[in-house]
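Asker: Contents are compact mmCIF, C-alpha atoms; file name final_24.txt:
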```
# COMPACT_ATOMS: atom_id res chain seq x y z
CA MET A 1 -9.50 -63.52 -8.69
CA ARG A 2 -6.50 -61.81 -10.25
CA TYR A 3 -6.99 -58.12 -9.37
CA SER A 4 -8.82 -56.02 -6.79
CA ILE A 5 -8.99 -52.33 -7.69
CA ILE A 6 -9.38 -50.20 -4.55
CA VAL A 7 -10.47 -46.57 -4.81
CA PRO A 8 -10.99 -44.25 -1.80
CA VAL A 9 -13.44 -41.44 -2.57
CA PHE A 10 -14.22 -38.12 -0.91
CA ASN A 11 -16.83 -35.86 -2.55
CA ARG A 12 -15.99 -36.79 -6.16
CA PRO A 13 -18.97 -38.60 -7.70
CA ASP A 14 -18.41 -37.24 -11.22
CA GLU A 15 -14.79 -38.35 -11.30
CA VAL A 16 -15.71 -41.79 -9.96
CA GLY A 17 -18.14 -42.12 -12.86
CA GLU A 18 -15.37 -41.40 -15.36
CA LEU A 19 -13.07 -43.94 -13.69
CA LEU A 20 -15.73 -46.65 -13.63
CA GLN A 21 -16.56 -45.98 -17.28
CA SER A 22 -12.90 -46.48 -18.18
CA LEU A 23 -12.88 -49.77 -16.25
CA THR A 24 -15.74 -51.11 -18.38
CA ARG A 25 -13.47 -50.73 -21.42
CA GLN A 26 -10.62 -52.86 -20.06
CA THR A 27 -9.66 -55.78 -22.28
CA ARG A 28 -9.18 -57.98 -19.20
CA LYS A 29 -12.23 -58.71 -17.04
CA ASP A 30 -10.83 -60.75 -14.13
CA PHE A 31 -11.03 -57.95 -11.55
CA GLU A 32 -13.26 -56.54 -8.87
CA VAL A 33 -13.72 -52.89 -7.98
CA ILE A 34 -13.92 -51.74 -4.35
CA ILE A 35 -15.15 -48.17 -3.84
CA VAL A 36 -14.66 -46.87 -0.29
CA GLU A 37 -16.66 -43.71 0.42
CA ASP A 38 -14.63 -41.86 3.04
CA GLY A 39 -17.37 -39.95 4.85
CA SER A 40 -18.34 -37.86 1.82
CA THR A 41 -21.07 -35.23 2.04
CA ILE A 42 -21.59 -35.71 -1.72
CA PRO A 43 -21.60 -39.50 -2.04
CA CYS A 44 -21.07 -41.49 -5.24
CA GLU A 45 -23.44 -44.36 -4.36
CA ASP A 46 -25.91 -43.50 -7.14
CA VAL A 47 -23.07 -43.44 -9.65
CA CYS A 48 -21.86 -46.84 -8.47
CA ARG A 49 -25.37 -48.31 -8.82
CA GLN A 50 -25.24 -47.52 -12.54
CA TYR A 51 -22.26 -49.89 -12.92
CA ALA A 52 -23.35 -52.59 -10.47
CA GLY A 53 -24.52 -54.90 -13.25
CA ILE A 54 -21.58 -54.15 -15.53
CA LEU A 55 -18.63 -54.42 -13.14
CA ASP A 56 -17.96 -56.67 -10.16
CA LEU A 57 -18.42 -53.62 -7.97
CA HIS A 58 -18.49 -53.38 -4.17
CA TYR A 59 -19.44 -50.08 -2.54
CA TYR A 60 -18.74 -49.24 1.11
CA ASN A 61 -19.55 -46.08 3.05
CA LYS A 62 -17.59 -45.35 6.23
CA PRO A 63 -16.75 -42.39 8.50
CA ASN A 64 -13.97 -40.11 7.32
CA SER A 65 -10.48 -41.32 8.22
CA GLY A 66 -8.39 -40.28 5.22
CA PRO A 67 -7.41 -42.06 2.00
CA GLY A 68 -4.77 -44.29 3.57
CA GLN A 69 -7.10 -45.85 6.11
CA SER A 70 -9.85 -46.12 3.49
CA ARG A 71 -7.47 -48.09 1.27
CA ASN A 72 -6.77 -50.39 4.23
CA TYR A 73 -10.52 -50.79 4.72
CA GLY A 74 -10.89 -51.87 1.11
CA ALA A 75 -7.86 -54.16 1.24
CA GLU A 76 -9.36 -56.07 4.19
CA ARG A 77 -12.33 -56.93 1.97
CA ALA A 78 -10.41 -57.61 -1.25
CA GLN A 79 -10.15 -61.05 -2.86
CA GLY A 80 -7.63 -60.39 -5.64
CA GLU A 81 -4.11 -61.75 -5.81
CA TRP A 82 -2.92 -58.23 -6.65
CA LEU A 83 -4.33 -55.08 -5.07
CA ILE A 84 -4.33 -52.07 -7.40
CA ILE A 85 -4.64 -48.73 -5.62
CA LEU A 86 -6.00 -45.84 -7.67
CA ASP A 87 -7.03 -42.28 -6.89
CA SER A 88 -10.60 -41.38 -7.75
CA ASP A 89 -9.43 -38.68 -10.19
CA VAL A 90 -7.74 -41.05 -12.66
CA ILE A 91 -8.94 -42.56 -15.93
CA LEU A 92 -7.51 -45.83 -17.25
CA PRO A 93 -6.63 -46.42 -20.89
CA GLU A 94 -8.13 -49.58 -22.37
CA GLY A 95 -4.92 -51.59 -22.15
CA TYR A 96 -4.00 -50.76 -18.55
CA LEU A 97 -4.77 -54.16 -17.00
CA GLU A 98 -3.36 -55.94 -20.05
CA ALA A 99 -0.06 -54.09 -19.51
CA VAL A 100 -0.06 -55.07 -15.83
CA GLU A 101 -0.79 -58.70 -16.71
CA LYS A 102 2.05 -58.87 -19.22
CA ALA A 103 4.51 -57.35 -16.74
CA THR A 104 3.61 -59.77 -13.96
CA GLN A 105 4.12 -62.87 -16.12
CA PRO A 106 7.42 -64.83 -15.87
CA GLN A 107 8.24 -64.16 -19.53
CA SER A 108 7.90 -60.39 -19.22
CA PRO A 109 10.90 -58.13 -20.07
CA LEU A 110 11.00 -56.97 -16.43
CA VAL A 111 11.76 -60.55 -15.41
CA ARG A 112 14.13 -61.30 -18.29
CA GLU A 113 16.14 -58.10 -17.80
CA GLY A 114 17.56 -58.88 -14.40
CA GLN A 115 14.57 -59.00 -12.06
CA GLY A 116 14.50 -62.79 -12.03
CA GLU A 117 11.56 -64.93 -10.95
CA GLY A 118 10.02 -65.52 -7.59
CA SER A 119 8.50 -68.72 -6.32
CA GLU A 120 6.28 -70.78 -8.64
CA GLY A 121 7.30 -68.75 -11.68
CA SER A 122 5.98 -65.43 -10.38
CA PRO A 123 7.87 -62.15 -10.92
CA SER A 124 10.30 -61.19 -8.19
CA PHE A 125 8.74 -57.78 -7.56
CA SER A 126 5.97 -57.50 -4.99
CA ALA A 127 4.79 -54.00 -5.85
CA PHE A 128 4.63 -51.84 -8.94
CA GLY A 129 3.58 -48.44 -10.15
CA GLY A 130 3.17 -46.58 -13.40
CA PRO A 131 3.40 -43.04 -14.76
CA ASP A 132 0.59 -40.59 -15.40
CA ARG A 133 -0.42 -38.36 -18.28
CA ALA A 134 -2.85 -35.56 -19.07
CA HIS A 135 -5.98 -36.52 -21.01
CA HIS A 136 -7.05 -34.39 -23.96
CA SER A 137 -10.29 -33.54 -22.11
CA PHE A 138 -8.45 -31.99 -19.15
CA THR A 139 -8.62 -28.23 -18.72
CA PRO A 140 -5.55 -26.15 -19.69
CA VAL A 141 -4.86 -25.57 -15.97
CA GLN A 142 -4.94 -29.33 -15.27
CA LYS A 143 -2.60 -29.95 -18.18
CA ALA A 144 -0.24 -27.24 -16.90
CA ILE A 145 -0.27 -28.76 -13.41
CA SER A 146 0.38 -32.20 -14.90
CA TYR A 147 3.38 -30.75 -16.73
CA ALA A 148 4.67 -29.12 -13.54
CA MET A 149 4.50 -32.44 -11.70
CA THR A 150 6.20 -34.57 -14.37
CA SER A 151 8.65 -32.35 -16.26
CA PHE A 152 12.40 -32.77 -15.97
CA PHE A 153 12.66 -28.99 -15.51
CA THR A 154 10.43 -28.99 -12.41
CA THR A 155 10.68 -32.30 -10.58
CA GLY A 156 13.66 -33.81 -12.36
CA GLY A 157 11.26 -36.19 -14.07
CA ILE A 158 10.99 -38.36 -10.94
CA ARG A 159 7.20 -38.51 -11.34
CA GLY A 160 7.19 -38.73 -15.10
CA GLY A 161 7.67 -42.46 -15.41
CA LYS A 162 11.31 -42.45 -16.50
CA LYS A 163 13.69 -45.22 -15.49
CA LYS A 164 16.06 -44.15 -12.74
CA LEU A 165 19.18 -45.49 -11.09
CA ASP A 166 17.51 -45.18 -7.69
CA LYS A 167 14.82 -47.57 -6.47
CA PHE A 168 11.33 -46.93 -7.77
CA TYR A 169 8.72 -46.03 -5.17
CA PRO A 170 5.11 -46.39 -6.38
CA ARG A 171 2.59 -43.62 -5.66
CA SER A 172 -1.00 -44.20 -4.59
CA TYR A 173 -2.58 -42.73 -7.71
CA ASN A 174 -1.29 -45.82 -9.58
CA MET A 175 0.08 -48.54 -7.33
CA GLY A 176 -0.13 -52.31 -7.30
CA ILE A 177 0.96 -54.72 -4.59
CA ARG A 178 0.49 -58.39 -3.81
CA ARG A 179 -2.31 -58.80 -1.30
CA ASP A 180 -0.26 -60.97 1.06
CA VAL A 181 2.53 -58.35 1.19
CA TYR A 182 0.01 -55.56 1.78
CA ARG A 183 -1.50 -57.35 4.75
CA GLN A 184 1.86 -58.43 6.11
CA LEU A 185 3.00 -54.78 6.25
CA GLY A 186 -0.27 -53.49 7.68
CA GLY A 187 -1.03 -51.20 4.75
CA PHE A 188 -0.91 -47.42 4.90
CA SER A 189 -0.04 -45.40 7.99
CA LYS A 190 -2.10 -42.55 9.46
CA MET A 191 -0.01 -39.88 7.80
CA ARG A 192 -2.27 -37.36 6.04
CA PHE A 193 0.33 -36.50 3.38
CA GLY A 194 3.11 -38.71 2.01
CA GLU A 195 1.48 -41.89 3.31
CA ASP A 196 1.95 -43.60 -0.06
CA ILE A 197 5.70 -42.93 -0.13
CA ASP A 198 5.94 -44.06 3.48
CA PHE A 199 4.24 -47.32 2.48
CA SER A 200 6.56 -47.74 -0.52
CA TYR A 201 9.59 -47.23 1.71
CA ARG A 202 8.31 -49.89 4.10
CA ILE A 203 7.72 -52.27 1.19
CA VAL A 204 11.37 -51.95 0.14
CA GLU A 205 12.73 -51.94 3.70
CA ALA A 206 10.96 -55.28 4.28
CA GLY A 207 13.07 -56.81 1.50
CA ASN A 208 10.53 -56.62 -1.32
CA LYS A 209 11.29 -55.39 -4.83
CA THR A 210 9.31 -52.79 -6.73
CA ALA A 211 8.98 -52.25 -10.47
CA LEU A 212 8.10 -49.35 -12.74
CA LEU A 213 5.67 -50.44 -15.47
CA PRO A 214 5.96 -47.75 -18.17
CA ASP A 215 3.04 -49.18 -20.15
CA ALA A 216 0.69 -49.25 -17.15
CA TRP A 217 0.03 -45.52 -17.18
CA VAL A 218 -3.07 -43.58 -16.18
CA TYR A 219 -4.63 -40.23 -16.93
CA HIS A 220 -4.41 -38.20 -13.71
CA LYS A 221 -6.39 -35.01 -13.19
CA ARG A 222 -4.58 -33.77 -10.07
CA ARG A 223 -5.76 -30.37 -8.80
CA THR A 224 -8.16 -28.08 -10.67
CA ASP A 225 -6.64 -24.71 -9.79
CA LEU A 226 -3.29 -23.26 -8.71
CA ARG A 227 -4.44 -22.38 -5.18
CA LYS A 228 -5.34 -26.00 -4.39
CA PHE A 229 -2.18 -27.11 -6.16
CA PHE A 230 -0.06 -24.86 -3.92
CA ARG A 231 -1.62 -26.36 -0.79
CA GLN A 232 -0.98 -29.87 -2.10
CA VAL A 233 2.70 -29.36 -2.87
CA TYR A 234 3.23 -27.33 0.33
CA ASN A 235 2.04 -30.32 2.34
CA SER A 236 4.21 -32.60 0.20
CA GLY A 237 7.23 -30.50 1.20
CA ILE A 238 6.32 -30.96 4.87
CA ALA A 239 5.84 -34.68 4.31
CA ARG A 240 9.31 -35.02 2.77
CA ILE A 241 10.97 -33.96 6.04
CA ASN A 242 8.69 -36.27 8.04
CA LEU A 243 9.55 -39.12 5.67
CA SER A 244 13.27 -38.50 6.01
CA ARG A 245 12.93 -38.73 9.80
CA ARG A 246 10.91 -41.95 9.57
CA HIS A 247 13.22 -43.45 6.97
CA PRO A 248 16.81 -42.21 7.40
CA GLY A 249 18.86 -42.12 4.24
CA THR A 250 15.92 -41.57 1.87
CA MET A 251 16.57 -37.86 1.37
CA LYS A 252 18.07 -37.32 -2.10
CA LEU A 253 19.50 -34.26 -3.84
CA VAL A 254 16.40 -33.94 -6.01
CA HIS A 255 14.30 -33.48 -2.85
CA LEU A 256 16.43 -30.48 -1.85
CA LEU A 257 16.19 -28.69 -5.18
CA PRO A 258 12.77 -27.04 -4.64
CA ALA A 259 13.97 -25.54 -1.36
CA LEU A 260 17.14 -24.24 -3.04
CA PHE A 261 15.03 -22.90 -5.90
CA THR A 262 12.73 -21.13 -3.40
CA ILE A 263 15.65 -19.55 -1.57
CA GLY A 264 17.07 -18.46 -4.92
CA VAL A 265 13.78 -16.88 -6.01
CA ILE A 266 13.48 -15.01 -2.71
CA ALA A 267 17.08 -13.78 -3.06
CA LEU A 268 16.46 -12.60 -6.62
CA LEU A 269 13.29 -10.76 -5.58
CA LEU A 270 15.18 -9.04 -2.76
CA LEU A 271 17.91 -8.10 -5.23
CA PHE A 272 15.27 -6.68 -7.56
CA ALA A 273 13.78 -4.69 -4.69
CA LEU A 274 17.23 -3.33 -3.84
CA GLY A 275 17.72 -2.33 -7.46
CA LEU A 276 14.39 -0.52 -7.52
CA GLY A 277 15.34 1.22 -4.29
CA LEU A 278 18.65 2.43 -5.70
CA TYR A 279 16.98 3.55 -8.90
CA GLY A 280 14.36 5.44 -6.90
CA CYS A 281 17.12 6.97 -4.79
CA GLY A 282 18.69 8.19 -8.01
CA GLU A 283 15.41 9.81 -9.04
CA TRP A 284 15.25 11.62 -5.69
CA LEU A 285 18.85 12.79 -5.99
CA ASP A 286 18.08 13.98 -9.49
CA ALA A 287 15.31 16.14 -8.05
CA GLN A 288 17.91 17.69 -5.73
CA GLY A 289 20.17 18.56 -8.66
CA LEU A 290 22.85 15.97 -7.78
CA ARG A 291 23.20 14.50 -11.27
CA PRO A 292 26.64 12.78 -10.98
CA THR A 293 25.50 10.77 -7.96
CA ASP A 294 22.12 10.24 -9.58
CA ASN A 295 23.71 8.58 -12.61
CA MET A 296 25.64 6.19 -10.38
CA HIS A 297 22.60 5.18 -8.31
CA GLN A 298 20.35 4.75 -11.30
CA GLY A 299 22.96 2.78 -13.23
CA VAL A 300 23.63 0.38 -10.35
CA GLY A 301 19.91 0.06 -9.60
CA PHE A 302 19.07 -0.75 -13.22
CA ALA A 303 21.90 -3.31 -13.39
CA LEU A 304 20.68 -5.05 -10.23
CA CYS A 305 17.11 -5.20 -11.56
CA VAL A 306 18.29 -6.78 -14.81
CA LEU A 307 20.56 -9.19 -12.95
CA ALA A 308 17.64 -10.28 -10.75
CA LEU A 309 15.13 -10.70 -13.58
CA LEU A 310 17.29 -12.50 -16.12
CA PRO A 311 17.40 -15.92 -14.37
CA LEU A 312 13.65 -15.81 -13.71
CA LEU A 313 12.89 -14.81 -17.30
CA PHE A 314 15.22 -17.48 -18.68
CA TYR A 315 13.59 -20.21 -16.58
CA SER A 316 10.11 -18.98 -17.53
CA LEU A 317 11.02 -19.04 -21.21
CA LEU A 318 12.41 -22.57 -20.83
CA ILE A 319 9.17 -23.79 -19.23
CA LEU A 320 7.02 -21.94 -21.77
CA THR A 321 8.89 -23.44 -24.72
CA ASP A 322 9.10 -27.00 -23.42
CA SER A 323 5.49 -27.17 -22.23
CA SER A 324 4.12 -25.57 -25.40
CA LEU A 325 5.96 -28.07 -27.57
CA ARG A 326 4.94 -31.05 -25.47
CA SER A 327 1.28 -30.04 -25.22
CA ARG A 328 1.11 -28.39 -28.65
CA SER A 329 -0.66 -25.51 -26.97
CA LEU A 330 0.67 -22.02 -26.28
CA ARG A 331 -2.04 -21.52 -23.65
CA VAL A 332 -0.93 -24.58 -21.71
CA GLY A 333 2.65 -23.39 -22.08
CA LEU A 334 1.79 -19.99 -20.62
CA LEU A 335 -0.11 -21.56 -17.72
CA SER A 336 2.77 -23.94 -17.09
CA VAL A 337 5.01 -21.01 -16.09
CA PRO A 338 3.03 -20.08 -12.92
CA ALA A 339 2.30 -23.78 -12.32
CA ALA A 340 6.03 -24.54 -12.30
CA PHE A 341 6.75 -21.71 -9.85
CA VAL A 342 3.86 -22.85 -7.64
CA GLN A 343 5.12 -26.44 -7.70
CA LEU A 344 8.70 -25.56 -6.77
CA THR A 345 8.13 -22.71 -4.31
CA GLY A 346 5.11 -24.38 -2.67
CA TYR A 347 7.07 -27.57 -2.06
CA GLY A 348 10.15 -25.56 -1.08
CA LEU A 349 8.29 -23.45 1.49
CA GLY A 350 6.69 -26.53 3.05
CA PHE A 351 10.08 -28.24 3.13
CA LEU A 352 11.75 -25.24 4.81
CA HIS A 353 8.89 -24.88 7.30
CA ALA A 354 9.20 -28.54 8.29
CA PHE A 355 13.00 -28.31 8.38
CA TRP A 356 12.73 -25.46 10.89
CA ARG A 357 10.28 -27.29 13.13
CA ARG A 358 11.56 -30.87 12.85
CA ILE A 359 15.33 -30.42 12.43
CA ILE A 360 16.13 -27.07 14.06
CA ARG A 361 13.53 -27.02 16.85
CA ARG A 362 13.53 -30.85 17.12
CA GLN A 363 9.76 -31.20 17.44
CA ASP A 364 8.24 -34.63 16.84
CA GLU A 365 6.17 -35.06 13.70
CA PHE A 366 2.78 -35.00 15.44
CA THR A 367 3.53 -31.99 17.65
CA ALA A 368 5.04 -30.02 14.78
CA PHE A 369 2.24 -30.76 12.31
CA GLU A 370 -0.76 -32.17 14.12
CA LYS A 371 -3.05 -31.58 11.12
CA ASN A 372 -0.82 -33.79 8.94
CA PHE A 373 -1.95 -36.94 10.74
CA TYR A 374 -5.29 -38.66 11.26
CA SER A 375 -6.28 -39.58 14.78
```
Turn this file's structure into structure tokens for me.
Answerer:
Amino acid sequence: MRYSIIVPVFNRPDEVGELLQSLTRQTRKDFEVIIVEDGSTIPCEDVCRQYAGILDLHYYNKPNSGPGQSRNYGAERAQGEWLIILDSDVILPEGYLEAVEKATQPQSPLVREGQGEGSEGSPSFSAFGGPDRAHHSFTPVQKAISYAMTSFFTTGGIRGGKKKLDKFYPRSYNMGIRRDVYRQLGGFSKMRFGEDIDFSYRIVEAGNKTALLPDAWVYHKRRTDLRKFFRQVYNSGIARINLSRRHPGTMKLVHLLPALFTIGVIALLLLFALGLGLYGCGEWLDAQGLRPTDNMHQGVGFALCVLALLPLLFYSLLILTDSSLRSRSLRVGLLSVPAAFVQLTGYGLGFLHAFWRRIIRRQDEFTAFEKNFYS
């Protein structure tokens, strides 16, 4: 068998149904689907039964241990030459597997353009990943969150599927890896957050090559509201520090930018508060009949307020314009402004929190963030 598609699931039966429906529309049929129910209280078994006669579908129900260990559970039972790891909240376009098949053939552009061939005419890369997009059926909030996670003005485009000078590290919402390499490396670790990047780092550190397949993209729902989105990116910020400790040298400038942005936002808000305070002081002095001093305080206070707000307003306008044009929706553009601030400040706060505990206080990763690992 060519492909085994492995999907860990936790309380998302409706989304699993959408994913399975999209798999029935694939132009290639040489694949099996392994659904691993990770201790859900709302199982998707009934949904899977509806596709049992349509897809080569295998359903397993196990105690909760997190997505990484559930992927390992599925990989142990997989038969495919390539293991494709997907999140349960993705939908595949019809040509997804066809794009993967073309890229993994010896005559593919990825091979011709410098990747070379492996043994027996196979491509030299052992793992791959692809970008994600927002489906037209997604809610405006989901589209705004998708923008915040993929835009050049928020994440530098590192998750938007663009080619980069740095190595490409696949993410678990859309990741493929040869089964023998997966098993050789032992699969995913017990990290609760960032386990997919940790696995990608280990793939590369073991001497394997990875490839970005721009045509093997998926629709990815991500989070459904900004509160859940904040928690997700906050934990991603924590995971980045843990990853840098596990894999020295992997910290890049782009990983520092959200923390710098967060510090900048806090500084601008403090400056705005100072300006308001000076302006209010001027109002009080005015009540005392001290008009010359009042004019000075109010003038300085107003100038500080404007100075603090201008960068924030400029960035907000940039996000609003870019997102509105890309989505062709003013509503999505407006929602993208808070989504962008949540993405950057949430990640930045998690990063700074972990930096304090792991780097300054020198706590080990489990002691510092016990809830970020599965037992």
Asker: Would you place a box with edges along x, y and z of the file around all atoms of range 296-310 of chain A listed there, add 8 Å to each of its six sides, and report the centre and edge lengths in Å to one decimal, as JSON?
Answerer:
```
{"center_x": 20.4, "center_y": -3.2, "center_z": -12.2, "size_x": 26.5, "size_y": 34.7, "size_z": 23.8}
```
Asker: In terms of the shortest atom-to-atom distance over all atoms listed in the file, which of A:Ser124, A:Ser146, A:Ser88, A:Ser22 is closest to Ala103 in chain A?
Answerer: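 Nearest to Ala103 in chain A: A:Ser124.
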Asker: Please determine, counting only C-alpha atoms, which residue among A:Leu349, A:Ile360, A:Val90, A:Val100 has the shortest atom-to-atom distance to Pro214 in chain A.
Answerer: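 When distances to Pro214 in chain A are compared using only C-alpha atoms, the smallest one comes from A:Val100.
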Asker: With a distance cut-off of 12 Å and all atoms listed in the file, select the neighbouring residues of range 300-313 of chain A, excluding the residue or stretch itself and same-chain residues fewer than 5 positions from it, and output the selection as an mmCIF file with C-alpha atoms, in the coordinates of the input.
Answerer:
```cif
data_model
loop_
_atom_site.group_PDB
_atom_site.id
_atom_site.type_symbol
_atom_site.label_atom_id
_atom_site.label_comp_id
_atom_site.auth_asym_id
_atom_site.auth_seq_id
_atom_site.Cartn_x
_atom_site.Cartn_y
_atom_site.Cartn_z
ATOM 1 C CA PHE A 261 15.030 -22.900 -5.900
ATOM 2 C CA THR A 262 12.730 -21.130 -3.400
ATOM 3 C CA GLY A 264 17.070 -18.460 -4.920
ATOM 4 C CA VAL A 265 13.780 -16.880 -6.010
ATOM 5 C CA ILE A 266 13.480 -15.010 -2.710
ATOM 6 C CA ALA A 267 17.080 -13.780 -3.060
ATOM 7 C CA LEU A 268 16.460 -12.600 -6.620
ATOM 8 C CA LEU A 269 13.290 -10.760 -5.580
ATOM 9 C CA LEU A 270 15.180 -9.040 -2.760
ATOM 10 C CA LEU A 271 17.910 -8.100 -5.230
ATOM 11 C CA PHE A 272 15.270 -6.680 -7.560
ATOM 12 C CA ALA A 273 13.780 -4.690 -4.690
ATOM 13 C CA LEU A 274 17.230 -3.330 -3.840
ATOM 14 C CA GLY A 275 17.720 -2.330 -7.460
ATOM 15 C CA LEU A 276 14.390 -0.520 -7.520
ATOM 16 C CA GLY A 277 15.340 1.220 -4.290
ATOM 17 C CA LEU A 278 18.650 2.430 -5.700
ATOM 18 C CA TYR A 279 16.980 3.550 -8.900
ATOM 19 C CA GLY A 280 14.360 5.440 -6.900
ATOM 20 C CA CYS A 281 17.120 6.970 -4.790
ATOM 21 C CA GLY A 282 18.690 8.190 -8.010
ATOM 22 C CA GLU A 283 15.410 9.810 -9.040
ATOM 23 C CA THR A 293 25.500 10.770 -7.960
ATOM 24 C CA ASP A 294 22.120 10.240 -9.580
ATOM 25 C CA ASN A 295 23.710 8.580 -12.610
ATOM 26 C CA LEU A 318 12.410 -22.570 -20.830
ATOM 27 C CA ILE A 319 9.170 -23.790 -19.230
ATOM 28 C CA LEU A 320 7.020 -21.940 -21.770
ATOM 29 C CA VAL A 337 5.010 -21.010 -16.090
ATOM 30 C CA PRO A 338 3.030 -20.080 -12.920
ATOM 31 C CA ALA A 340 6.030 -24.540 -12.300
ATOM 32 C CA PHE A 341 6.750 -21.710 -9.850
#
```
Asker: So that I can see what lies close to Gly66 in chain A, please list as a PDB file with C-alpha atoms, in the coordinates of the input the residues with an atom at most 8 Å from it, counting only C-alpha atoms and leaving out residues fewer than 4 positions away in the same chain.
Answerer:
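selection-v8.pdb, freshly written:
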```
ATOM      1  CA  ASP A  38     -14.630 -41.860   3.040  1.00  0.00           C
ATOM      2  CA  SER A  70      -9.850 -46.120   3.490  1.00  0.00           C
ATOM      3  CA  LYS A 190      -2.100 -42.550   9.460  1.00  0.00           C
ATOM      4  CA  ARG A 192      -2.270 -37.360   6.040  1.00  0.00           C
ATOM      5  CA  TYR A 374      -5.290 -38.660  11.260  1.00  0.00           C
TER       6      TYR A 374
END
```
Asker: Please work out which residues fall within 10 Å of (-12.3, -40.2, -11.4), coordinates as given in the file, with all atoms listed in the file counting, and return them as a count of residues only.
Answerer: 23
Asker: CA of Gly39 in chain A and CA of Glu365 in chain A, how far apart in Å?
Answerer: 25.6 Å
Asker: Extract, using only C-alpha atoms, all DNA, RNA and protein residues at most 12 Å from Tyr201 in chain A, discarding same-chain residues fewer than 4 positions from it, and format them as a PDB file with C-alpha atoms, in the coordinates of the input.
Answerer:
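Everything below was put into result.pdb:
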```pdb
ATOM      1  CA  ALA A 127       4.790 -54.000  -5.850  1.00  0.00           C
ATOM      2  CA  LYS A 167      14.820 -47.570  -6.470  1.00  0.00           C
ATOM      3  CA  PHE A 168      11.330 -46.930  -7.770  1.00  0.00           C
ATOM      4  CA  TYR A 169       8.720 -46.030  -5.170  1.00  0.00           C
ATOM      5  CA  PRO A 170       5.110 -46.390  -6.380  1.00  0.00           C
ATOM      6  CA  ARG A 171       2.590 -43.620  -5.660  1.00  0.00           C
ATOM      7  CA  LEU A 185       3.000 -54.780   6.250  1.00  0.00           C
ATOM      8  CA  GLY A 187      -1.030 -51.200   4.750  1.00  0.00           C
ATOM      9  CA  PHE A 188      -0.910 -47.420   4.900  1.00  0.00           C
ATOM     10  CA  SER A 189      -0.040 -45.400   7.990  1.00  0.00           C
ATOM     11  CA  GLY A 194       3.110 -38.710   2.010  1.00  0.00           C
ATOM     12  CA  GLU A 195       1.480 -41.890   3.310  1.00  0.00           C
ATOM     13  CA  ASP A 196       1.950 -43.600  -0.060  1.00  0.00           C
ATOM     14  CA  ILE A 197       5.700 -42.930  -0.130  1.00  0.00           C
ATOM     15  CA  GLU A 205      12.730 -51.940   3.700  1.00  0.00           C
ATOM     16  CA  ALA A 206      10.960 -55.280   4.280  1.00  0.00           C
ATOM     17  CA  GLY A 207      13.070 -56.810   1.500  1.00  0.00           C
ATOM     18  CA  ASN A 208      10.530 -56.620  -1.320  1.00  0.00           C
ATOM     19  CA  LYS A 209      11.290 -55.390  -4.830  1.00  0.00           C
ATOM     20  CA  THR A 210       9.310 -52.790  -6.730  1.00  0.00           C
ATOM     21  CA  LEU A 243       9.550 -39.120   5.670  1.00  0.00           C
ATOM     22  CA  SER A 244      13.270 -38.500   6.010  1.00  0.00           C
ATOM     23  CA  ARG A 246      10.910 -41.950   9.570  1.00  0.00           C
ATOM     24  CA  HIS A 247      13.220 -43.450   6.970  1.00  0.00           C
ATOM     25  CA  PRO A 248      16.810 -42.210   7.400  1.00  0.00           C
ATOM     26  CA  GLY A 249      18.860 -42.120   4.240  1.00  0.00           C
ATOM     27  CA  THR A 250      15.920 -41.570   1.870  1.00  0.00           C
ATOM     28  CA  MET A 251      16.570 -37.860   1.370  1.00  0.00           C
TER      29      MET A 251
END
```
Asker: Choose the residue, out of A:Met191, A:Val332, A:Ala259, A:Ile54, that has the smallest atom-to-atom separation from His136 in chain A; count only C-alpha atoms.
Answerer: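 Going through A:Met191, A:Val332, A:Ala259, A:Ile54 one by one, the smallest distance to His136 in chain A is for A:Val332.
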Asker: Just give me the residues with any atom within 12 Å of (-6.3, -29.3, -18.1), file coordinates, counting only C-alpha atoms, written as a CSV table (one decimal) with C-alpha atoms, keeping the file's coordinate frame.
Answerer:
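Written output follows (point04.csv):
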```
chain,number,residue,atom,x,y,z
A,133,ARG,CA,-0.4,-38.4,-18.3
A,134,ALA,CA,-2.8,-35.6,-19.1
A,135,HIS,CA,-6.0,-36.5,-21.0
A,136,HIS,CA,-7.0,-34.4,-24.0
A,137,SER,CA,-10.3,-33.5,-22.1
A,138,PHE,CA,-8.4,-32.0,-19.2
A,139,THR,CA,-8.6,-28.2,-18.7
A,140,PRO,CA,-5.6,-26.2,-19.7
A,141,VAL,CA,-4.9,-25.6,-16.0
A,142,GLN,CA,-4.9,-29.3,-15.3
A,143,LYS,CA,-2.6,-30.0,-18.2
A,144,ALA,CA,-0.2,-27.2,-16.9
A,145,ILE,CA,-0.3,-28.8,-13.4
A,146,SER,CA,0.4,-32.2,-14.9
A,147,TYR,CA,3.4,-30.8,-16.7
A,148,ALA,CA,4.7,-29.1,-13.5
A,219,TYR,CA,-4.6,-40.2,-16.9
A,220,HIS,CA,-4.4,-38.2,-13.7
A,221,LYS,CA,-6.4,-35.0,-13.2
A,222,ARG,CA,-4.6,-33.8,-10.1
A,223,ARG,CA,-5.8,-30.4,-8.8
A,224,THR,CA,-8.2,-28.1,-10.7
A,225,ASP,CA,-6.6,-24.7,-9.8
A,226,LEU,CA,-3.3,-23.3,-8.7
A,327,SER,CA,1.3,-30.0,-25.2
A,329,SER,CA,-0.7,-25.5,-27.0
A,331,ARG,CA,-2.0,-21.5,-23.6
A,332,VAL,CA,-0.9,-24.6,-21.7
A,333,GLY,CA,2.6,-23.4,-22.1
A,335,LEU,CA,-0.1,-21.6,-17.7
A,336,SER,CA,2.8,-23.9,-17.1
A,339,ALA,CA,2.3,-23.8,-12.3
```
